[in-house]
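Enquirer: So here's run_36.cif (mmCIF, C-alpha atoms).
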data_structure
loop_
_atom_site.group_PDB
_atom_site.id
_atom_site.type_symbol
_atom_site.label_atom_id
_atom_site.label_comp_id
_atom_site.auth_asym_id
_atom_site.auth_seq_id
_atom_site.Cartn_x
_atom_site.Cartn_y
_atom_site.Cartn_z
ATOM 1 C CA MET U 39 0.000 0.000 0.000
ATOM 2 C CA GLY U 40 2.833 2.389 0.887
ATOM 3 C CA ASP U 41 4.563 1.622 -2.411
ATOM 4 C CA GLN U 42 1.437 2.597 -4.354
ATOM 5 C CA ALA U 43 1.119 5.867 -2.409
ATOM 6 C CA SER U 44 4.763 6.764 -3.108
ATOM 7 C CA ARG U 45 4.264 6.047 -6.826
ATOM 8 C CA GLN U 46 1.293 8.424 -6.902
ATOM 9 C CA GLU U 47 3.353 11.095 -5.133
ATOM 10 C CA ASP U 48 6.217 10.613 -7.622
ATOM 11 C CA PHE U 49 3.866 10.879 -10.614
ATOM 12 C CA VAL U 50 4.108 14.327 -12.146
ATOM 13 C CA PHE U 51 1.897 15.016 -15.130
ATOM 14 C CA CYS U 52 2.205 17.687 -17.770
ATOM 15 C CA GLN U 53 -0.129 20.636 -17.422
ATOM 16 C CA SER U 54 0.718 21.195 -21.067
ATOM 17 C CA TYR U 55 3.137 19.223 -23.195
ATOM 18 C CA PRO U 56 6.444 20.698 -24.360
ATOM 19 C CA LYS U 57 6.842 21.548 -28.028
ATOM 20 C CA SER U 58 9.525 18.868 -28.407
ATOM 21 C CA VAL U 59 6.977 16.136 -27.611
ATOM 22 C CA ILE U 60 4.391 17.658 -29.936
ATOM 23 C CA ILE U 61 6.881 18.005 -32.802
ATOM 24 C CA THR U 62 8.162 14.440 -32.324
ATOM 25 C CA ARG U 63 4.622 13.073 -32.390
ATOM 26 C CA TRP U 64 3.751 15.148 -35.482
ATOM 27 C CA ILE U 65 6.812 13.898 -37.373
ATOM 28 C CA ILE U 66 5.954 10.265 -36.683
ATOM 29 C CA LEU U 67 2.215 10.721 -37.296
ATOM 30 C CA GLY U 68 2.990 12.665 -40.484
ATOM 31 C CA ALA U 69 5.171 9.803 -41.687
ATOM 32 C CA ALA U 70 2.377 7.328 -40.932
ATOM 33 C CA PHE U 71 -0.201 9.423 -42.818
ATOM 34 C CA ALA U 72 2.129 10.004 -45.771
ATOM 35 C CA LEU U 73 2.863 6.293 -46.005
ATOM 36 C CA GLY U 74 -0.851 5.519 -45.668
ATOM 37 C CA ILE U 75 -1.652 7.861 -48.552
ATOM 38 C CA TYR U 76 1.171 6.369 -50.631
ATOM 39 C CA ILE U 77 0.051 2.791 -49.925
ATOM 40 C CA LEU U 78 -3.575 3.430 -50.816
ATOM 41 C CA THR U 79 -2.757 5.593 -53.834
ATOM 42 C CA SER U 80 -0.454 2.879 -55.181
ATOM 43 C CA ILE U 81 -3.439 0.527 -55.251
ATOM 44 C CA LYS U 82 -5.829 3.066 -56.740
ATOM 45 C CA GLN U 83 -5.766 6.872 -56.719
ATOM 46 C CA LEU U 84 -9.373 7.043 -55.618
ATOM 47 C CA LEU U 85 -8.496 5.021 -52.505
ATOM 48 C CA GLY U 86 -5.812 7.552 -51.607
ATOM 49 C CA LEU U 87 -8.272 10.412 -52.033
ATOM 50 C CA ALA U 88 -10.899 8.591 -49.951
ATOM 51 C CA TYR U 89 -8.277 8.027 -47.217
ATOM 52 C CA ILE U 90 -7.396 11.733 -47.170
ATOM 53 C CA ILE U 91 -11.074 12.716 -46.882
ATOM 54 C CA TYR U 92 -11.700 10.089 -44.193
ATOM 55 C CA SER U 93 -8.625 11.290 -42.275
ATOM 56 C CA LEU U 94 -9.819 14.886 -42.391
ATOM 57 C CA VAL U 95 -13.276 13.901 -41.108
ATOM 58 C CA VAL U 96 -11.808 11.801 -38.307
ATOM 59 C CA LEU U 97 -9.265 14.426 -37.267
ATOM 60 C CA THR U 98 -11.626 17.409 -37.384
ATOM 61 C CA LEU U 99 -14.874 15.830 -36.150
ATOM 62 C CA ILE U 100 -14.597 12.393 -34.556
ATOM 63 C CA LEU U 101 -11.342 12.885 -32.618
ATOM 64 C CA PRO U 102 -12.214 16.302 -31.153
ATOM 65 C CA LEU U 103 -15.787 15.291 -30.312
ATOM 66 C CA SER U 104 -15.022 11.843 -28.895
ATOM 67 C CA ARG U 105 -11.794 12.580 -27.035
ATOM 68 C CA CYS U 106 -10.614 16.167 -27.049
ATOM 69 C CA SER U 107 -13.809 17.905 -25.933
ATOM 70 C CA SER U 108 -13.948 15.932 -22.662
ATOM 71 C CA CYS U 109 -10.177 15.762 -22.094
ATOM 72 C CA PHE U 110 -8.175 17.544 -19.391
ATOM 73 C CA TYR U 111 -6.016 19.028 -22.181
ATOM 74 C CA HIS U 112 -8.903 20.705 -24.030
ATOM 75 C CA GLY U 113 -7.605 24.197 -24.775
ATOM 76 C CA LYS U 114 -4.034 23.200 -23.785
ATOM 77 C CA PRO U 115 -1.187 21.682 -25.761
ATOM 78 C CA CYS U 116 -1.617 17.917 -25.424
ATOM 79 C CA ASN U 117 0.939 15.436 -26.749
ATOM 80 C CA THR U 118 -0.188 16.121 -30.320
ATOM 81 C CA GLY U 119 -1.138 19.757 -29.818
ATOM 82 C CA TRP U 120 -4.673 18.842 -30.806
ATOM 83 C CA GLY U 121 -6.157 19.987 -27.481
ATOM 84 C CA LYS U 122 -5.515 23.583 -28.522
ATOM 85 C CA VAL U 123 -7.038 23.029 -31.965
ATOM 86 C CA ALA U 124 -10.077 21.226 -30.524
ATOM 87 C CA ALA U 125 -10.847 24.235 -28.330
ATOM 88 C CA TYR U 126 -11.318 26.323 -31.482
ATOM 89 C CA LEU U 127 -13.600 23.716 -33.022
ATOM 90 C CA PHE U 128 -15.757 22.593 -30.082
ATOM 91 C CA PRO U 129 -16.574 23.746 -26.552
ATOM 92 C CA LYS U 130 -15.235 21.936 -23.488
ATOM 93 C CA GLY U 131 -17.366 18.972 -22.449
ATOM 94 C CA ASP U 132 -17.718 17.009 -19.260
ATOM 95 C CA GLU U 133 -14.369 15.405 -18.324
ATOM 96 C CA SER U 134 -16.178 12.545 -16.589
ATOM 97 C CA LYS U 135 -17.373 11.386 -20.041
ATOM 98 C CA PHE U 136 -13.806 11.002 -21.351
ATOM 99 C CA VAL U 137 -13.710 7.222 -20.930
ATOM 100 C CA ARG U 138 -17.285 6.727 -22.134
ATOM 101 C CA HIS U 139 -16.506 8.405 -25.476
ATOM 102 C CA TYR U 140 -13.814 5.841 -26.325
ATOM 103 C CA ASP U 141 -16.442 3.746 -28.097
ATOM 104 C CA TYR U 142 -15.724 5.946 -31.119
ATOM 105 C CA ALA U 143 -12.022 5.051 -31.091
ATOM 106 C CA ILE U 144 -12.547 2.404 -33.772
ATOM 107 C CA PHE U 145 -12.974 5.197 -36.333
ATOM 108 C CA ILE U 146 -9.619 6.639 -35.246
ATOM 109 C CA HIS U 147 -7.880 3.242 -35.267
ATOM 110 C CA LEU U 148 -9.033 2.690 -38.853
ATOM 111 C CA LEU U 149 -6.616 5.471 -39.848
ATOM 112 C CA TRP U 150 -3.794 2.990 -39.126
ATOM 113 C CA ILE U 151 -5.536 -0.320 -39.812
ATOM 114 C CA ILE U 152 -6.688 0.468 -43.370
ATOM 115 C CA PRO U 153 -3.196 1.276 -44.751
ATOM 116 C CA LEU U 154 -1.702 -1.658 -42.829
ATOM 117 C CA LEU U 155 -4.171 -4.091 -44.378
ATOM 118 C CA ALA U 156 -3.778 -2.442 -47.783
ATOM 119 C CA SER U 157 0.009 -2.797 -47.643
ATOM 120 C CA LEU U 158 -0.374 -6.428 -46.609
ATOM 121 C CA PHE U 159 -2.776 -6.905 -49.517
ATOM 122 C CA GLN U 160 -0.230 -5.344 -51.878
ATOM 123 C CA LEU U 161 2.504 -7.587 -50.512
ATOM 124 C CA VAL U 162 0.416 -10.708 -51.137
ATOM 125 C CA ARG U 163 -0.732 -9.453 -54.535
ATOM 126 C CA VAL U 164 2.540 -8.319 -56.090
ATOM 127 C CA ARG U 165 5.047 -10.348 -54.037
ATOM 128 C CA ASN U 166 8.072 -8.178 -54.579
ATOM 129 C CA LEU U 167 10.769 -6.536 -52.485
ATOM 130 C CA VAL U 168 9.285 -3.031 -52.805
ATOM 131 C CA ALA U 169 5.947 -4.157 -51.349
ATOM 132 C CA LEU U 170 7.775 -5.948 -48.521
ATOM 133 C CA VAL U 171 9.845 -2.858 -47.711
ATOM 134 C CA ILE U 172 6.772 -0.594 -47.749
ATOM 135 C CA PHE U 173 4.893 -2.989 -45.470
ATOM 136 C CA GLY U 174 7.900 -3.267 -43.148
ATOM 137 C CA VAL U 175 8.491 0.483 -43.003
ATOM 138 C CA TYR U 176 4.818 1.192 -42.321
ATOM 139 C CA LEU U 177 4.750 -1.435 -39.567
ATOM 140 C CA PHE U 178 7.956 0.042 -38.103
ATOM 141 C CA VAL U 179 6.465 3.566 -38.107
ATOM 142 C CA LEU U 180 3.337 2.307 -36.325
ATOM 143 C CA LEU U 181 5.402 0.517 -33.695
ATOM 144 C CA LEU U 182 7.636 3.562 -33.269
ATOM 145 C CA GLU U 183 4.548 5.718 -32.815
ATOM 146 C CA LYS U 184 3.242 3.449 -30.050
ATOM 147 C CA ILE U 185 6.615 3.384 -28.271
ATOM 148 C CA VAL U 186 6.983 7.167 -28.477
ATOM 149 C CA LEU U 187 3.358 7.558 -27.348
ATOM 150 C CA LYS U 188 4.012 5.415 -24.278
ATOM 151 C CA LYS U 189 7.363 6.996 -23.354
ATOM 152 C CA LEU U 190 6.757 10.675 -24.135
ATOM 153 C CA ALA U 191 3.005 11.097 -23.835
ATOM 154 C CA CYS U 192 1.204 8.482 -21.753
ATOM 155 C CA SER U 193 3.857 8.464 -19.042
ATOM 156 C CA ARG U 194 3.186 12.174 -18.358
ATOM 157 C CA CYS U 195 -0.518 12.364 -19.096
ATOM 158 C CA HIS U 196 -2.935 13.771 -16.536
ATOM 159 C CA GLN U 197 -5.465 11.059 -17.460
ATOM 160 C CA LYS U 198 -2.950 8.197 -17.451
ATOM 161 C CA GLU U 199 -4.505 6.302 -14.562
ATOM 162 C CA PHE U 200 -7.914 5.801 -16.171
ATOM 163 C CA CYS U 201 -7.382 6.277 -19.907
ATOM 164 C CA PRO U 202 -8.426 3.194 -21.891
ATOM 165 C CA ALA U 203 -5.951 4.076 -24.654
ATOM 166 C CA VAL U 204 -2.834 3.797 -22.502
ATOM 167 C CA PRO U 205 -0.748 1.228 -24.360
ATOM 168 C CA PHE U 206 1.064 -1.508 -22.473
ATOM 169 C CA ARG U 207 -0.706 -0.600 -19.224
ATOM 170 C CA LYS U 208 0.584 -2.430 -16.172
ATOM 171 C CA THR U 209 -2.116 -3.357 -13.719
ATOM 172 C CA ASP U 210 -1.450 -3.598 -10.003
ATOM 173 C CA LYS U 211 -1.992 -6.997 -8.446
ATOM 174 C CA VAL U 212 -4.034 -6.746 -5.279
#
Could you render the structure as structure tokens?
Expert:
Amino acid sequence: MGDQASRQEDFVFCQSYPKSVIITRWIILGAAFALGIYILTSIKQLLGLAYIIYSLVVLTLILPLSRCSSCFYHGKPCNTGWGKVAAYLFPKGDESKFVRHYDYAIFIHLLWIIPLLASLFQLVRVRNLVALVIFGVYLFVLLLEKIVLKKLACSRCHQKEFCPAVPFRKTDKV
């Protein structure tokens, strides 16, 4: 019990994230989006265009409404800087509904799943080194994003203790 109390005392969260974290996240997320567009466009240009439109809808409507509006960082720089942007788009909601709104996360996860499946499809379809490299690089970028998210963002997040999106969460054994 004392160990848990000392861990909570040692935990210091970010009131707002430093620009270095935001820039790092944007570089990795930008690489993932660029690769996603490339992967889908290489299959068919219309797929790439549909992915861009879907991404814009998710990032300007679904993400801010399902997460940002009820987040502690609404109006503040979060780990992606989106908390500041969301404040311009939508008013602050009830923070107690933050976890409840994660049902909409599937729409956000599709931003990564669709290009991953498409690159796997391309690999199976064309069976060449280029398709393998593209699949491998995209997978690497996704894994890098999750590692950076855990180390730079989740470890400092105000909502870390109850956020359902915290990757690799360790649960305490009682």
Enquirer: Kindly list the centre and edge lengths in Å, rounded to one decimal, for the axis-aligned box that covers all listed atoms of stretch 110-128 of chain U plus 6 Å on each of its six sides, as JSON.
Expert:
{"center_x": -7.4, "center_y": 20.9, "center_z": -26.2, "size_x": 28.7, "size_y": 22.9, "size_z": 25.6}
Enquirer: Hey, what comes out of the PyMOL selection byres ((chain U and resi 73) around 10) on this file? Could you write it as a ChimeraX atom specification?
Expert: /U:67-72,74-79,153-154,157,172-173,175-176,179
Enquirer: Would you output that residue set with C-alpha atoms, as an mmCIF file, in the frame of the given file?
Expert:
data_model
loop_
_atom_site.group_PDB
_atom_site.id
_atom_site.type_symbol
_atom_site.label_atom_id
_atom_site.label_comp_id
_atom_site.auth_asym_id
_atom_site.auth_seq_id
_atom_site.Cartn_x
_atom_site.Cartn_y
_atom_site.Cartn_z
ATOM 1 C CA LEU U 67 2.215 10.721 -37.296
ATOM 2 C CA GLY U 68 2.990 12.665 -40.484
ATOM 3 C CA ALA U 69 5.171 9.803 -41.687
ATOM 4 C CA ALA U 70 2.377 7.328 -40.932
ATOM 5 C CA PHE U 71 -0.201 9.423 -42.818
ATOM 6 C CA ALA U 72 2.129 10.004 -45.771
ATOM 7 C CA GLY U 74 -0.851 5.519 -45.668
ATOM 8 C CA ILE U 75 -1.652 7.861 -48.552
ATOM 9 C CA TYR U 76 1.171 6.369 -50.631
ATOM 10 C CA ILE U 77 0.051 2.791 -49.925
ATOM 11 C CA LEU U 78 -3.575 3.430 -50.816
ATOM 12 C CA THR U 79 -2.757 5.593 -53.834
ATOM 13 C CA PRO U 153 -3.196 1.276 -44.751
ATOM 14 C CA LEU U 154 -1.702 -1.658 -42.829
ATOM 15 C CA SER U 157 0.009 -2.797 -47.643
ATOM 16 C CA ILE U 172 6.772 -0.594 -47.749
ATOM 17 C CA PHE U 173 4.893 -2.989 -45.470
ATOM 18 C CA VAL U 175 8.491 0.483 -43.003
ATOM 19 C CA TYR U 176 4.818 1.192 -42.321
ATOM 20 C CA VAL U 179 6.465 3.566 -38.107
#
Enquirer: Closest to U:Tyr92 among U:Phe200, U:Phe178, U:Tyr140, U:Phe145, using only C-alpha atoms?
Expert: U:Phe145
Enquirer: Run through the PyMOL selection byres ((chain U and resi 146) around 12) on the given coordinates and return the selected residues as a PyMOL selection string.
Expert: chain U and resi 92-105+140-145+147-152+203
Enquirer: With the file shown as input, list the residues that the PyMOL selection byres ((chain U and resi 187) around 10) selects, as a VMD selection string.
Expert: chain U and resid 59 62 to 63 117 to 118 181 to 186 188 to 193 204 to 205
Enquirer: Find, counting all atoms listed in the file, the residue in U:Gly113, U:Asn166, U:Lys122, U:Ala156 that gets nearest to U:Leu85.
Expert: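 Counting all atoms listed in the file, the residue closest to U:Leu85 is U:Ala156.
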Enquirer: What is the distance, in Å and to one decimal place, between atom CA of U:Ile66 and atom CA of U:Tyr89?
Expert: 17.8 Å
Enquirer: Step by step: start from the point (-11.0, 9.2, -20.1) in the file's coordinates, keep every protein, DNA or RNA residue that has an atom no farther than 6 Å from it, count only C-alpha atoms, and write the set as a VMD selection string.
Expert: chain U and resid 136 to 137 201
Enquirer: Could you state the separation of atom CA of U:Leu161 and atom CA of U:Gly174 in Å, given to one decimal place?
Expert: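 Between atom CA of U:Leu161 and atom CA of U:Gly174 the gap is 10.1 Å.
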Enquirer: Rank nothing, just name the residue among U:Val164, U:Cys109, U:Cys116, U:Ile81 nearest to U:Lys57, using all atoms listed in the file.
Expert: U:Cys116
